[in-house]
Amino acid sequence: MVDAFRPTPAGSRPASGGLPHAPVPPPAGMTITTDLPAGPRQGGEEPPPSVDVAQPAAAREYPPASGTAPRSAEGVLLDPVVSHRQAWEEASSSPAVVTGRVVRDDGPAGGAGVPGAGAGADAPGTVRRTPLPPPQEPPAPHTRPLDLDEATDVVHGLHRSPHHVLGPHAHEGHVTVRTLRPGAQAVSVLLADGRELPMTHETGGIWAAVVQQEQVPAYRLAVTREGERRIVDESYRHAPMLGEIDLHLLGEGRHEELWRVLGSHVVTRRDEMGEVTGTHFAVWAPNALAVHVVGDFNGWDGSTHALRVHEDVGVWELFVPGVGAGAHYKYDITGPDGTRRAKADPMARATEVPPFNDSVVTVSTHRWNDDAWMERRAREDIHLGPMSVYEVHLGSWRQGLSYEQLADQLVPYVSEMGFTHVELMPVMQHPYGPSWGYHVTGYFAADSRFGHEDGLRHLIDRLHQVGVGVILDWVPGHFATDPWALARFDGTPIYEHPDPRKGWHPEWGSYIFDYGRPQVRNFLVANACYWLEEFHADGLRVDGVASMLYLDYSREGDQWIPNRYGGRENLEAVELLQETNATAYRRNPGVVMIAEESTSWPGVTASTEEGGLGFGFKWNMGWMHDTLGYLAELPYARAHHHHALTFSLVYAYSEKYILPISHDEVVHGKGSLLRKMAGDSWQKFATTRAFLAYQWSHPGKQLLFMGSEFAQDREWADGGTLSWELTERPDHGGVQRLVRDLNRLYDELPALWQIDHHEDGFAWLDANDAHRNLYSYLRWGNEGPDGLRPVVAVVVNFSGVPQHQVHVGLPYGGRWREVLNTDAEVYGGSGQGNMGAVQAYDEPHQRQPWSALVTVPPMGAIWLVPDPVEAEEEPPAQIEQADEEPPATAAVSEVSGLEAVEDGSRTTDEPIPTATTDTGTPGAVDEGTTDAPTAEPDGDDATPDTRLREPVDPGYPGEVPDTDTADDADADGTAYPDTRQS
């Protein structure tokens with residue numbers, strides 16, 4: 001018989017994703033064909049599995065991740081052909097994958113008919129299919145005849161439906177019971193009425209008995225082996241569990257709840273002899289000759305527990321009694337070439353902790369406590385609400401924490417910081433940690449490094465209970481090459497496209513899904529639904545969408561195949577994305593689907609009914625690159641790049657955008673967010689604060705990678721932990737307080753998010769003040785019950801000097817509160833500002849009916865909102881443009897008129913301060929009178945100031961207007977050309 005197989009790690013070799021290749025040739029077994037055959041695709045010769053080869057630690061300067069290329073210590077790209085050949089040699093001989101080989105031999109029976117007899121000089125693990133000899137004893141009366149050819153296949157593990165031979169079968173008014181028990185000394189059938197019927201050994205380890213009754217009875221088996229008698233149940237007496245509807249949907253590739261029927265599931269079955277608890281295994285392997293389930297419950301013995309196949313859909317299943325939660329298993333799959341390989345379950349919902357890779361039977365016992373959140377989520381439209389996302393890598397936020405510990409530490413932190421959502425980098429099982437989860441092997445399994453799957457449910461539940469949504473990164477664009485996972489799963493390419501021009505990613509050294517195959521598309525669509533439904537995720541951020549959309553992505557001219565229209569668009573991937581998004585939104589009201597898409601593909605966030613991809617949001621990579629590039633310039637040079645920041649408003653409403661500062665921007669030598677800023681230390685911190693205020697006020701939702709919220713100075717390293725000690729320093733702690741206040745103000749000011757994705761939500765005041773590095777604009781909300789629209793005026797100064805008496809047009813008259821000043825001392829700034837408020841006078845400017853003179857601190861930003869308190873009308877005053885700038889204001893409160901409470905409660909109104917003394921404590925200011933003219937009402941007949949908050953036309957949002965200031969000339973009179981982009 002086949003030797004018992006126990007998978008072991010492949011030495012010191014890292015798993016796939018550890019050292020991604022760029023470029024990497026496809027495995028030799030991937031055939032290049034223009035016309036693919038219809039129906040199940042079967043490869044020719046056995047393709048070499050691709051496994052990354054271990055390299056010395058010095059071979060890479062930065063932790064590897066998806067998209068990075070392996071290099072030598074000298075920085076030279078490794079030869080992909082050599083590394084691939086090494087991987088093939090290891091995968092071909094590794095006992096962690098190949099369990100044996102079956103060779104047909106229809107000659108005379110050799111020896112005693114034991115499998116493997118007559119193998120001669122065959123390689124170890126080779127089993128010859130030797131025909132079994134007939135039974136030595138005549139069968140008992142009414143015994144169902146035994147077909148020796150079928151029996152030979154059963155014994156050698158080649159029968160596609162072992163239930164046809166084994167188990168109970170009615171025959172001539174009696175029931176014949178057969179079981180395969182090689183090595184047993186005695187076997188008997190135990191019946192519900194207490195009878196025990198001895199079984200007779202027929203041939204090759206097959207035992208038989210006849211029950212003298214017409215109906216198939218419930219029974220158990222008593223098996224004696226090495227003198228020990230055990231009572232066991234028989235897998236082959238149980239009928240199939242997959243119903244006709246499930247099989248039909250599986251065949252069509254339309255089973256939206258695929259995880260409920262495939263994979264491993266603990267079930268309890270009942271009969272007159274009592275309850276039987278076991279595990280139902282089901283797997284899709286359409287081209288396999290045979291499939292066995294092996295595990296710690298059968299000694300990893302590949303000669304037992306063969307699954308039966310549903311031929312029309314290629315799905316194999318078996319119920320194994322006695323197997324429960326925690327059991328380790330794999331599928332031992334005999335491919336068309338006769339080679340047997342141990343494969344992890346593609347639908348496994350739990351796995352071993354890497355570097356081990358067994359699939360694990362699991363049962364969830366979590367009880368959700370987020371009903372209020374889920375009900376509110378279904379009622380509200382996240383696309384029209386506030387959305388401030390904190391991107392987290394669980395392994396390095398605080399290293400060494402489990403899911404439950406993260407729930408105790410991450411949840412209160414995110415809640416205190418005021419983020420509306422957390423985005424988790426991939427929590428799907430991946431073998432190599434520094435791949436960050438973007439080289440997935442277990443699409444349905446939560447990362448076991450942090451504990452049981454219910455721990456992740458607990459973490460998400462706790463986040464929901466404090467009002468924080470959860471977005472998960474999802475990777476359908478490519479998958480890991482580990483030979484024990486999806487690659488060549490049944491010995492042929494069934495998950496990956498067989499043609500390397502569509503099925504191999506040369507930049508990342510990974511396989512690409514066969515998007516056109518219904519069952520593969522079903523696998524991915526159902527996987528998206530699985531995380532949304534089983535883990536209550538509030539959305540998915542789809543990684544690498546651009547690589548999916550283009551057939552020529554990262555390829556030379558002869559490395560890709562045009563679509564049926566001759567174009568480079570991957571039409572099958574487009575259909576997959578449309579189906580995934582439509583299904584996710586239909587089944588889960590209130591969720592959001594987000595695309596990481598870096599090209600100008602039209603309609604990414606348009607509905608599928610309109611021909612779009614159907615995403616809810618798209619990452620605005622252009623905004624990110626333009627903005628960070630601008631801020632990397634020294635202030636004196638920024639004037640020449642001024643419209644790098646205005647350009648994003650040209651296309652801001654073509655899609656629904658998220659503004660990302662993600663993990664990709666703070667790793668691999670790119671530097672932290674803080675270090676991207678030009679200048680000395682003070683300037684870097686000041687510019688970072690101004691940038692964050694700009695990001696939070698720009699149209700679109702925002703995303704910030706962990707550590708950036710307190711301006712971590714070193715770039716992110718996945719193998720470490722965030723530098724939390726920095727938050728004790730005033731400058732880093734100041735940025736952290738700023739982000740907290742930004743989030744709270746953002747939530748409270750609907751003008752910043754109500755109509756993010758429409759031009760009516762934004763209007764430039766001055767987009768052309770290049771010589772002063774100034775940007776000023778209005779953010780608008782929807783009209784309220786009073787007929788007025790909420791508004792926020794934003795002025796950002798990216799120069800290194802304060803700008804005094806900046807003339808700013810405003811839509812409403814009266815007092816405007818300075819609700820945010822990034823230069824406040826409590827944030828680590830110099831304390832320059834507007835004493836907490838400015839007064840708008842009846843002086844039209846920048847196409848607004850009112851205006852004010854404001855001070856904008858160096859490398860700082862201010863937010864102004866109209867004071868809702870009515871006051872007596874004051875005589876209008878003329879504003880005279882000052883010839884010279886006055887001295888800087890002494891100091892200003894951190895959030896004038898707002899008190900930031902340390903216990904996490906919302907900010908509250910306080911009197912506006914005059915001359916300020918910043919103690920460094922949020923909200924601690926000296927009260928006094930302001931320099932803005934005010935009047936108290938004189939009795940009940942006092943006339944309110946009708947200038948306050950008169951609704952006006954906000955102008956032409958998105959336009960770059962001309963102003964009456966000397967915007968196109970420097971202080972020395974040097975004129976600059978108009979660099980506005982259209």
# chains A, B, ... in the order shown; residues from 1 in each chain; ligands from 1

$ select_by_dssp --residues "stretch 654-779 of chain A" --states "strand (DSSP E or B)" --output "number ranges by chain"
A: 657-661, 701-705, 762-766, 774-779

$ residues_around --residues "A:Asn527" --least-positions-apart "2" --cutoff "8 Å" --atoms "only C-alpha atoms" --output "list in words"
Leu258, Trp259, Tyr443, Phe444, Phe523, Leu524, Val525, Cys529, Tyr530 and Trp531 of chain A

$ select_by_dssp --residues "stretch 497-682 of chain A" --states "helix (DSSP H, G or I)" --output "ChimeraX atom specification"
/A:500-503,518-534,545-549,571-587,608-610,621-631,635-641,643-649,663-665,673-676,681-682

$ closest_residue --among "A:Asp371, A:Asp842, A:Glu597, A:Glu609" --to "A:Ala582" --atoms "only C-alpha atoms"
A:Glu609

$ atom_distance --atom1 "atom CA of A:Gln215" --atom2 "atom CA of A:Leu146"
20.3 Å

$ residues_around --residues "A:Pro476" --least-positions-apart "4" --cutoff "8 Å" --atoms "only C-alpha atoms" --output "ChimeraX atom specification"
/A:513,524,542-543

$ closest_atom_pairs --of "stretch 589-661 of chain A" --to "stretch 422-425 of chain A" --cutoff "12 Å" --atoms "only C-alpha atoms" --output "tab-separated table"
residue	atom	partner	partner_atom	distance
A:Val592	CA	A:Glu423	CA	11.9
A:Ile594	CA	A:Glu423	CA	10.9
A:Pro660	CA	A:Glu423	CA	11.4

$ write_last_selection --atoms "N, CA and C atoms" --output "PDB file, in the first residue's frame"
ATOM      1  N   VAL A 592     -19.188  48.809   0.869  1.00  0.00           N
ATOM      2  CA  VAL A 592     -18.513  49.620  -0.136  1.00  0.00           C
ATOM      3  C   VAL A 592     -17.424  48.780  -0.788  1.00  0.00           C
ATOM      4  N   ILE A 594     -14.012  49.131  -3.180  1.00  0.00           N
ATOM      5  CA  ILE A 594     -13.017  50.160  -3.482  1.00  0.00           C
ATOM      6  C   ILE A 594     -11.967  49.587  -4.423  1.00  0.00           C
ATOM      7  N   PRO A 660      -5.457  58.487  -0.946  1.00  0.00           N
ATOM      8  CA  PRO A 660      -4.706  57.545  -0.116  1.00  0.00           C
ATOM      9  C   PRO A 660      -3.271  57.980   0.174  1.00  0.00           C
TER      10      PRO A 660
END

$ atom_distance --atom1 "atom CA of A:Gly700" --atom2 "atom CA of A:Ala678"
25.3 Å

$ closest_residue --among "A:Pro217, A:Gly157, A:Pro493, A:Gly567" --to "A:Ala290" --atoms "only C-alpha atoms"
A:Gly157

$ residues_around --residues "A:Ala222" --least-positions-apart "6" --cutoff "12 Å" --atoms "only C-alpha atoms" --output "PyMOL selection string"
chain A and resi 179+181+184-191+195-199+228-234

$ write_last_selection --atoms "N, CA, C and O atoms" --output "PDB file, in the first residue's frame"
ATOM      1  N   THR A 179     -16.287  -3.170   3.081  1.00  0.00           N
ATOM      2  CA  THR A 179     -15.415  -2.117   3.610  1.00  0.00           C
ATOM      3  C   THR A 179     -13.981  -2.433   3.233  1.00  0.00           C
ATOM      4  O   THR A 179     -13.603  -3.591   3.050  1.00  0.00           O
ATOM      5  N   ARG A 181     -10.442  -2.423   4.630  1.00  0.00           N
ATOM      6  CA  ARG A 181      -9.694  -2.351   5.886  1.00  0.00           C
ATOM      7  C   ARG A 181      -8.388  -3.126   5.738  1.00  0.00           C
ATOM      8  O   ARG A 181      -8.206  -4.202   6.298  1.00  0.00           O
ATOM      9  N   ALA A 184      -6.327  -5.224   8.656  1.00  0.00           N
ATOM     10  CA  ALA A 184      -7.185  -5.628   9.776  1.00  0.00           C
ATOM     11  C   ALA A 184      -7.095  -7.138   9.984  1.00  0.00           C
ATOM     12  O   ALA A 184      -6.970  -7.912   9.031  1.00  0.00           O
ATOM     13  N   GLN A 185      -7.186  -7.553  11.262  1.00  0.00           N
ATOM     14  CA  GLN A 185      -7.197  -8.980  11.584  1.00  0.00           C
ATOM     15  C   GLN A 185      -8.603  -9.553  11.543  1.00  0.00           C
ATOM     16  O   GLN A 185      -8.801 -10.720  11.195  1.00  0.00           O
ATOM     17  N   ALA A 186      -9.582  -8.740  11.901  1.00  0.00           N
ATOM     18  CA  ALA A 186     -10.978  -9.174  11.888  1.00  0.00           C
ATOM     19  C   ALA A 186     -11.864  -7.950  11.795  1.00  0.00           C
ATOM     20  O   ALA A 186     -11.542  -6.896  12.336  1.00  0.00           O
ATOM     21  N   VAL A 187     -12.996  -8.114  11.103  1.00  0.00           N
ATOM     22  CA  VAL A 187     -13.976  -7.038  10.961  1.00  0.00           C
ATOM     23  C   VAL A 187     -15.358  -7.644  11.084  1.00  0.00           C
ATOM     24  O   VAL A 187     -15.610  -8.740  10.545  1.00  0.00           O
ATOM     25  N   SER A 188     -16.281  -6.965  11.757  1.00  0.00           N
ATOM     26  CA  SER A 188     -17.660  -7.442  11.859  1.00  0.00           C
ATOM     27  C   SER A 188     -18.610  -6.268  11.789  1.00  0.00           C
ATOM     28  O   SER A 188     -18.235  -5.113  12.058  1.00  0.00           O
ATOM     29  N   VAL A 189     -19.851  -6.551  11.403  1.00  0.00           N
ATOM     30  CA  VAL A 189     -20.901  -5.545  11.280  1.00  0.00           C
ATOM     31  C   VAL A 189     -21.745  -5.568  12.545  1.00  0.00           C
ATOM     32  O   VAL A 189     -22.232  -6.636  12.950  1.00  0.00           O
ATOM     33  N   LEU A 190     -21.940  -4.408  13.172  1.00  0.00           N
ATOM     34  CA  LEU A 190     -22.777  -4.277  14.358  1.00  0.00           C
ATOM     35  C   LEU A 190     -24.083  -3.609  13.952  1.00  0.00           C
ATOM     36  O   LEU A 190     -24.072  -2.517  13.372  1.00  0.00           O
ATOM     37  N   LEU A 191     -25.222  -4.247  14.271  1.00  0.00           N
ATOM     38  CA  LEU A 191     -26.543  -3.738  13.887  1.00  0.00           C
ATOM     39  C   LEU A 191     -27.249  -3.141  15.088  1.00  0.00           C
ATOM     40  O   LEU A 191     -26.884  -3.389  16.253  1.00  0.00           O
ATOM     41  N   ARG A 195     -27.225  -7.460  16.878  1.00  0.00           N
ATOM     42  CA  ARG A 195     -26.547  -8.546  16.163  1.00  0.00           C
ATOM     43  C   ARG A 195     -25.158  -8.097  15.710  1.00  0.00           C
ATOM     44  O   ARG A 195     -24.941  -6.943  15.389  1.00  0.00           O
ATOM     45  N   GLU A 196     -24.249  -9.050  15.675  1.00  0.00           N
ATOM     46  CA  GLU A 196     -22.913  -8.821  15.173  1.00  0.00           C
ATOM     47  C   GLU A 196     -22.612  -9.862  14.106  1.00  0.00           C
ATOM     48  O   GLU A 196     -22.622 -11.059  14.384  1.00  0.00           O
ATOM     49  N   LEU A 197     -22.353  -9.397  12.881  1.00  0.00           N
ATOM     50  CA  LEU A 197     -22.131 -10.284  11.751  1.00  0.00           C
ATOM     51  C   LEU A 197     -20.671 -10.242  11.341  1.00  0.00           C
ATOM     52  O   LEU A 197     -20.171  -9.202  10.923  1.00  0.00           O
ATOM     53  N   PRO A 198     -19.941 -11.374  11.470  1.00  0.00           N
ATOM     54  CA  PRO A 198     -18.540 -11.382  11.038  1.00  0.00           C
ATOM     55  C   PRO A 198     -18.432 -11.153   9.537  1.00  0.00           C
ATOM     56  O   PRO A 198     -19.267 -11.593   8.749  1.00  0.00           O
ATOM     57  N   MET A 199     -17.401 -10.430   9.140  1.00  0.00           N
ATOM     58  CA  MET A 199     -17.150 -10.170   7.728  1.00  0.00           C
ATOM     59  C   MET A 199     -16.026 -11.082   7.246  1.00  0.00           C
ATOM     60  O   MET A 199     -15.151 -11.496   8.016  1.00  0.00           O
ATOM     61  N   GLU A 228      -6.158  -4.984  18.955  1.00  0.00           N
ATOM     62  CA  GLU A 228      -7.022  -3.964  19.558  1.00  0.00           C
ATOM     63  C   GLU A 228      -8.319  -3.853  18.767  1.00  0.00           C
ATOM     64  O   GLU A 228      -8.303  -3.685  17.550  1.00  0.00           O
ATOM     65  N   ARG A 229      -9.448  -3.956  19.462  1.00  0.00           N
ATOM     66  CA  ARG A 229     -10.765  -3.881  18.835  1.00  0.00           C
ATOM     67  C   ARG A 229     -11.325  -2.474  19.023  1.00  0.00           C
ATOM     68  O   ARG A 229     -11.371  -1.956  20.143  1.00  0.00           O
ATOM     69  N   ARG A 230     -11.760  -1.880  17.898  1.00  0.00           N
ATOM     70  CA  ARG A 230     -12.324  -0.544  17.928  1.00  0.00           C
ATOM     71  C   ARG A 230     -13.648  -0.530  17.192  1.00  0.00           C
ATOM     72  O   ARG A 230     -13.818  -1.210  16.177  1.00  0.00           O
ATOM     73  N   ILE A 231     -14.601   0.260  17.726  1.00  0.00           N
ATOM     74  CA  ILE A 231     -15.896   0.450  17.072  1.00  0.00           C
ATOM     75  C   ILE A 231     -15.819   1.745  16.271  1.00  0.00           C
ATOM     76  O   ILE A 231     -15.537   2.812  16.819  1.00  0.00           O
ATOM     77  N   VAL A 232     -16.057   1.641  14.957  1.00  0.00           N
ATOM     78  CA  VAL A 232     -15.949   2.798  14.075  1.00  0.00           C
ATOM     79  C   VAL A 232     -17.161   2.874  13.171  1.00  0.00           C
ATOM     80  O   VAL A 232     -17.894   1.886  12.993  1.00  0.00           O
ATOM     81  N   ASP A 233     -17.375   4.052  12.638  1.00  0.00           N
ATOM     82  CA  ASP A 233     -18.409   4.216  11.615  1.00  0.00           C
ATOM     83  C   ASP A 233     -17.746   4.104  10.252  1.00  0.00           C
ATOM     84  O   ASP A 233     -16.532   4.220  10.110  1.00  0.00           O
ATOM     85  N   GLU A 234     -18.527   3.890   9.239  1.00  0.00           N
ATOM     86  CA  GLU A 234     -18.048   3.663   7.875  1.00  0.00           C
ATOM     87  C   GLU A 234     -18.431   4.836   6.988  1.00  0.00           C
ATOM     88  O   GLU A 234     -19.617   5.157   6.837  1.00  0.00           O
TER      89      GLU A 234
END

$ closest_residue --among "A:Pro589, A:Pro321, A:Gly671, A:Pro133" --to "A:Leu628" --atoms "only C-alpha atoms"
A:Gly671

$ residues_around --residues "stretch 338-340 of chain A" --least-positions-apart "6" --cutoff "8 Å" --atoms "only C-alpha atoms" --output "PDB file with N, CA and C atoms, in the first residue's frame"
ATOM      1  N   VAL A  98       4.921  15.945  -3.306  1.00  0.00           N
ATOM      2  CA  VAL A  98       4.689  14.711  -4.063  1.00  0.00           C
ATOM      3  C   VAL A  98       4.620  13.538  -3.094  1.00  0.00           C
ATOM      4  N   THR A  99       3.493  12.839  -3.117  1.00  0.00           N
ATOM      5  CA  THR A  99       3.309  11.715  -2.193  1.00  0.00           C
ATOM      6  C   THR A  99       3.545  10.368  -2.846  1.00  0.00           C
ATOM      7  N   GLY A 100       3.554  10.309  -4.159  1.00  0.00           N
ATOM      8  CA  GLY A 100       3.762   9.039  -4.842  1.00  0.00           C
ATOM      9  C   GLY A 100       3.310   9.122  -6.277  1.00  0.00           C
ATOM     10  N   ARG A 101       3.277   7.949  -6.907  1.00  0.00           N
ATOM     11  CA  ARG A 101       2.889   7.879  -8.313  1.00  0.00           C
ATOM     12  C   ARG A 101       2.229   6.534  -8.557  1.00  0.00           C
ATOM     13  N   VAL A 102       1.176   6.555  -9.315  1.00  0.00           N
ATOM     14  CA  VAL A 102       0.449   5.336  -9.655  1.00  0.00           C
ATOM     15  C   VAL A 102       0.721   4.997 -11.105  1.00  0.00           C
ATOM     16  N   VAL A 103       1.175   3.762 -11.347  1.00  0.00           N
ATOM     17  CA  VAL A 103       1.470   3.294 -12.698  1.00  0.00           C
ATOM     18  C   VAL A 103       0.551   2.120 -13.011  1.00  0.00           C
ATOM     19  N   LEU A 289      -7.676  12.099 -11.373  1.00  0.00           N
ATOM     20  CA  LEU A 289      -8.059  10.688 -11.509  1.00  0.00           C
ATOM     21  C   LEU A 289      -8.666  10.170 -10.225  1.00  0.00           C
ATOM     22  N   ASP A 332      -5.071  14.454  -1.074  1.00  0.00           N
ATOM     23  CA  ASP A 332      -4.055  13.730  -1.835  1.00  0.00           C
ATOM     24  C   ASP A 332      -4.660  13.474  -3.210  1.00  0.00           C
ATOM     25  N   GLY A 491      -3.322  18.721 -10.827  1.00  0.00           N
ATOM     26  CA  GLY A 491      -2.330  18.265 -11.787  1.00  0.00           C
ATOM     27  C   GLY A 491      -2.395  19.016 -13.089  1.00  0.00           C
TER      28      GLY A 491
END

$ residues_around --residues "A:Gln805" --least-positions-apart "2" --cutoff "7 Å" --atoms "only C-alpha atoms" --output "PyMOL selection string"
chain A and resi 803+807+853-855+885

$ closest_residue --among "A:Gly781, A:Pro336, A:Gly385, A:Gly451" --to "A:Gln405" --atoms "only C-alpha atoms"
A:Gly451

$ closest_residue --among "A:Met347, A:Met241, A:Ala327, A:Ala342" --to "A:Gly302" --atoms "only C-alpha atoms"
A:Ala342

$ closest_residue --among "A:Val739, A:Ala606, A:Met706, A:Leu765" --to "A:Thr646" --atoms "only C-alpha atoms"
A:Leu765

$ decode --residues "stretch 583-590 of chain A" --atoms "all heavy atoms" --output "mmCIF file, in the first residue's frame"
data_model
loop_
_atom_site.group_PDB
_atom_site.id
_atom_site.type_symbol
_atom_site.label_atom_id
_atom_site.label_comp_id
_atom_site.auth_asym_id
_atom_site.auth_seq_id
_atom_site.Cartn_x
_atom_site.Cartn_y
_atom_site.Cartn_z
ATOM 1 N N THR A 583 -22.834 41.737 -7.193
ATOM 2 C CA THR A 583 -23.270 40.728 -6.228
ATOM 3 C C THR A 583 -23.048 41.208 -4.804
ATOM 4 O O THR A 583 -23.910 41.021 -3.925
ATOM 5 C CB THR A 583 -22.515 39.407 -6.457
ATOM 6 O OG1 THR A 583 -22.692 38.991 -7.812
ATOM 7 C CG2 THR A 583 -23.028 38.319 -5.539
ATOM 8 N N ALA A 584 -21.907 41.821 -4.544
ATOM 9 C CA ALA A 584 -21.611 42.301 -3.191
ATOM 10 C C ALA A 584 -22.617 43.350 -2.746
ATOM 11 O O ALA A 584 -23.139 43.293 -1.617
ATOM 12 C CB ALA A 584 -20.190 42.867 -3.139
ATOM 13 N N TYR A 585 -22.927 44.298 -3.614
ATOM 14 C CA TYR A 585 -23.880 45.346 -3.250
ATOM 15 C C TYR A 585 -25.297 44.786 -3.115
ATOM 16 O O TYR A 585 -26.056 45.221 -2.246
ATOM 17 C CB TYR A 585 -23.844 46.471 -4.273
ATOM 18 C CG TYR A 585 -22.706 47.445 -4.087
ATOM 19 C CD1 TYR A 585 -21.705 47.577 -5.041
ATOM 20 C CD2 TYR A 585 -22.638 48.239 -2.953
ATOM 21 C CE1 TYR A 585 -20.655 48.471 -4.872
ATOM 22 C CE2 TYR A 585 -21.593 49.145 -2.772
ATOM 23 C CZ TYR A 585 -20.608 49.253 -3.731
ATOM 24 O OH TYR A 585 -19.565 50.136 -3.549
ATOM 25 N N ARG A 586 -25.643 43.838 -3.951
ATOM 26 C CA ARG A 586 -26.995 43.266 -3.885
ATOM 27 C C ARG A 586 -27.203 42.457 -2.611
ATOM 28 O O ARG A 586 -28.253 42.562 -1.970
ATOM 29 C CB ARG A 586 -27.241 42.390 -5.116
ATOM 30 C CG ARG A 586 -28.529 41.560 -5.053
ATOM 31 C CD ARG A 586 -28.812 40.860 -6.369
ATOM 32 N NE ARG A 586 -27.686 40.089 -6.837
ATOM 33 C CZ ARG A 586 -27.403 38.850 -6.396
ATOM 34 N NH1 ARG A 586 -28.155 38.277 -5.467
ATOM 35 N NH2 ARG A 586 -26.365 38.189 -6.899
ATOM 36 N N ARG A 587 -26.225 41.686 -2.249
ATOM 37 C CA ARG A 587 -26.381 40.796 -1.092
ATOM 38 C C ARG A 587 -26.122 41.501 0.245
ATOM 39 O O ARG A 587 -26.589 41.015 1.287
ATOM 40 C CB ARG A 587 -25.426 39.604 -1.217
ATOM 41 C CG ARG A 587 -25.778 38.632 -2.327
ATOM 42 C CD ARG A 587 -24.750 37.511 -2.403
ATOM 43 N NE ARG A 587 -24.685 36.748 -1.166
ATOM 44 C CZ ARG A 587 -25.325 35.612 -0.930
ATOM 45 N NH1 ARG A 587 -26.087 35.086 -1.887
ATOM 46 N NH2 ARG A 587 -25.198 34.980 0.226
ATOM 47 N N ASN A 588 -25.413 42.625 0.209
ATOM 48 C CA ASN A 588 -24.981 43.247 1.462
ATOM 49 C C ASN A 588 -25.206 44.755 1.419
ATOM 50 O O ASN A 588 -24.264 45.520 1.181
ATOM 51 C CB ASN A 588 -23.499 42.941 1.708
ATOM 52 C CG ASN A 588 -23.195 41.463 1.746
ATOM 53 O OD1 ASN A 588 -23.363 40.799 2.764
ATOM 54 N ND2 ASN A 588 -22.748 40.921 0.626
ATOM 55 N N PRO A 589 -26.425 45.198 1.648
ATOM 56 C CA PRO A 589 -26.706 46.635 1.608
ATOM 57 C C PRO A 589 -25.828 47.401 2.597
ATOM 58 O O PRO A 589 -25.632 46.985 3.737
ATOM 59 C CB PRO A 589 -28.186 46.712 2.015
ATOM 60 C CG PRO A 589 -28.744 45.365 1.703
ATOM 61 C CD PRO A 589 -27.628 44.395 1.942
ATOM 62 N N GLY A 590 -25.297 48.505 2.112
ATOM 63 C CA GLY A 590 -24.504 49.367 2.981
ATOM 64 C C GLY A 590 -23.013 49.156 2.901
ATOM 65 O O GLY A 590 -22.254 49.909 3.521
#
